[in-house]
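Enquirer: Input: one structure, supplied below.
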Amino acid sequence: MRRARADAPADVSADGITDAPTDGPTDGPVDAADGPADVPTDAADGPADATDGPIDTAHGLASPPPPWLWLALVMYLYELPSTAEWWHEQVTWLWTSQVFGPEVVGGAAFAALRITTISQAMPTLIVLAGLATVLLPHIRGRWTEWRHALVDARADDEPGATGTCREIQELLDRYAPGAVLMVSLSGGGPPVRVYARGWRKRRVAASLGYIGMWHSRPRRARALLAHEAAHLTRGEHLITGLGSPFTTMVTAWPVVFLALGVGPLIWLAMAHHPSGSLMSAQVLTVMVKLPQMLIVPVAALWCIELAADRYAVDATGRRTVAETLHTVHERESRLRRVGAVLHHPPRWLRRWFVARADRPSAAMLLLMAGPLALLVQAVVVTAFAVPSLILAGDPARNAVASSLDLAHRNLLPVPLWTAILVIVLVWPALDGFWPRLWGAPRPPGPGPSRVRRPRLYLVAALLPATVLVVALLPHSGALERDPVLRPSPASAAQSDDSQTSVS
């Protein structure tokens, strides 16, 4: 690692920004973008305010939220059997002539439907990507180290770089004991990211620019390191981070969906195909899959980033994190901001959260992130189901009643909401065990963001408890009475007779 000098090379700025593309989005609170490196340290980082505690000690280390990202992955695994059954039905309907005749299946309309169905395989691929990320960290780690030319910082023999890397490693040992600092010899390496080298082997990849930033802007460099260490202390590096297939699939899903899911149906309408007007309901059915499957993983990714920001606030202070967020927002392109929403919260939400990191409202938001995401998902799916049923010929009143009944049956599973309620209630007893499970140090005491209020957890439990009560109520029966979803035998026979007479 002879090239890993303490000062950034000419083609890599001291803030870790390079012209070459990086592998995926940055998991830290910001890219290491803090301006020119020749600004004096005090002026560059600004004066510390009252919330800026010691930057070289791991004090506080805010209580982690419930592991909503892990729960989302488990939820998808729980739904895999029903997903497999759904795929079997789709293949039977669209790829064989068992349900429809060969003329219908071979038409342009069914060809478009087959393409849109392929786009709906992305949720299953995301689950499989998450499983591969967790079960095969060794392969992911080796590929990541080869892709970014990562070398162990402890193996360097240059005195200047060794001293800098030793300082970073010492602070990293306080935040995440056992984690190893790796330095990228590639010009396009990540500013600072985490990844897994094995189930118990945790790594932090840093660019040469970040090593230079350690001297030019030490407070912000430490905030960035604290943010990444938060992911390590909560096991999130096994799912997300550098080289994560899970994050890559979530980011790529909207593009694949628009190309393969909506594109063929729009083509039918623009080509004035006879079946194009009949595909309006199918367009809504396909489009609803996007929010239905993206809301929960995106909310879980937002939650872990906000929690990591809160961890960084405990270590370096609100002003340091807020100033870095502002700097990055000014330097990011508009296109990158739009794409980043899939894995990082929007800027306004992060600023609001950082300003209130030590208040109960921040802890409440993290506690309720999981149930809120599931409720938003249920609302969005129900809102899309109503016009789909109306376009299929259902009266408006029946469409609303059937959509609510479908949501009650399919979107409020009792086992899931029972698990959420139990997690929220018992989390005060587990929030210390969960980080230590991943090697985090035991905090010496409550820090500025370590909120310990039993009433907070009881209030947060009201939402899943209310939803659970609703889920236990009997079904309204609107689904069975709906003439579109459950046609009567008489109407079905009449429809068959009319088709026979026409033929």
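Chain labels run A, B, ... following the order of the structure tokens; each chain numbers its residues from 1, and ligands are numbered from 1 in the order shown.
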Identify, with DSSP run on backbone atoms, the residues in stretch 195-309 of chain A assigned to helix (DSSP H, G or I), and express the list as number ranges by chain.

Expert: A: 208-216, 218-232, 236-238, 245-270, 276-309

Enquirer: Considering only C-alpha atoms, return as a compact mmCIF listing (two decimals) with N, CA and C atoms, in the first residue's frame whatever protein or nucleic-acid residues lie within 12 Å of A:Gln90, sequence-local ones (same chain, fewer than 6 positions apart) excluded.

Expert:
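Result went into out_6.txt, see below:
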```
# COMPACT_ATOMS: atom_id res chain seq x y z
N THR A 83 -45.81 -16.18 -2.91
CA THR A 83 -45.27 -15.63 -4.15
C THR A 83 -45.06 -16.73 -5.18
N ALA A 84 -44.55 -17.87 -4.73
CA ALA A 84 -44.36 -19.00 -5.66
C ALA A 84 -45.69 -19.48 -6.22
N THR A 96 -49.56 -20.76 -21.08
CA THR A 96 -50.18 -21.98 -21.57
C THR A 96 -51.58 -21.67 -22.06
N SER A 97 -52.17 -22.62 -22.74
CA SER A 97 -53.54 -22.45 -23.25
C SER A 97 -54.56 -23.20 -22.41
N GLN A 98 -54.22 -23.48 -21.14
CA GLN A 98 -55.14 -24.22 -20.28
C GLN A 98 -56.34 -23.38 -19.88
N VAL A 99 -56.16 -22.09 -19.71
CA VAL A 99 -57.24 -21.20 -19.29
C VAL A 99 -57.83 -20.48 -20.48
N PHE A 110 -51.43 -10.58 -24.94
CA PHE A 110 -50.85 -11.49 -23.96
C PHE A 110 -49.32 -11.44 -23.99
N LEU A 113 -48.55 -8.68 -21.76
CA LEU A 113 -48.76 -9.06 -20.37
C LEU A 113 -47.63 -9.95 -19.85
N ARG A 114 -47.10 -10.81 -20.71
CA ARG A 114 -46.00 -11.67 -20.27
C ARG A 114 -44.76 -10.84 -19.93
N ILE A 115 -44.51 -9.81 -20.72
CA ILE A 115 -43.35 -8.95 -20.43
C ILE A 115 -43.55 -8.20 -19.12
N THR A 116 -44.76 -7.67 -18.90
CA THR A 116 -45.01 -6.96 -17.64
C THR A 116 -44.91 -7.90 -16.45
N THR A 117 -45.30 -9.15 -16.64
CA THR A 117 -45.18 -10.12 -15.55
C THR A 117 -43.73 -10.38 -15.20
N ILE A 118 -42.86 -10.41 -16.20
CA ILE A 118 -41.43 -10.58 -15.93
C ILE A 118 -40.90 -9.45 -15.06
N GLN A 120 -42.40 -7.98 -12.79
CA GLN A 120 -42.84 -8.16 -11.40
C GLN A 120 -42.04 -9.22 -10.66
N ALA A 121 -41.05 -9.79 -11.34
CA ALA A 121 -40.15 -10.71 -10.66
C ALA A 121 -39.12 -9.99 -9.80
```

Enquirer: Leaving out stretch 477-485 of chain A and any residue of its chain fewer than 3 positions from it, which residues lie within 7 Å of it when counting only C-alpha atoms, given as a ChimeraX atom specification?

Expert: /A:393-394,398,401-402,405,488

Enquirer: Rank A:Gly235, A:Pro264, A:Pro297, A:Gly209 by their smallest atom-to-atom distance to A:Thr247, using only C-alpha atoms, and report the top residue only.

Expert: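 Nearest to A:Thr247: A:Pro297.
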
Enquirer: In Å to one decimal, how far is atom CA of A:Ala312 from atom CA of A:Ala223?

Expert: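 Taking atom CA of A:Ala223 as the start and atom CA of A:Ala312 as the end point, the length is 5.2 Å.
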
Enquirer: Find, counting only C-alpha atoms, the residue in A:Ala461, A:Leu406, A:Ala357, A:Met368 that gets nearest to A:Ser63.

Expert: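 With only C-alpha atoms as the atom set, the closest residue is A:Ala357.
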
Enquirer: Tell me which protein, DNA and RNA residues are within 8 Å of A:Arg347, counting only C-alpha atoms, leaving out same-chain ones fewer than 4 positions away, and put them as a ChimeraX atom specification.

Expert: /A:325,329,351
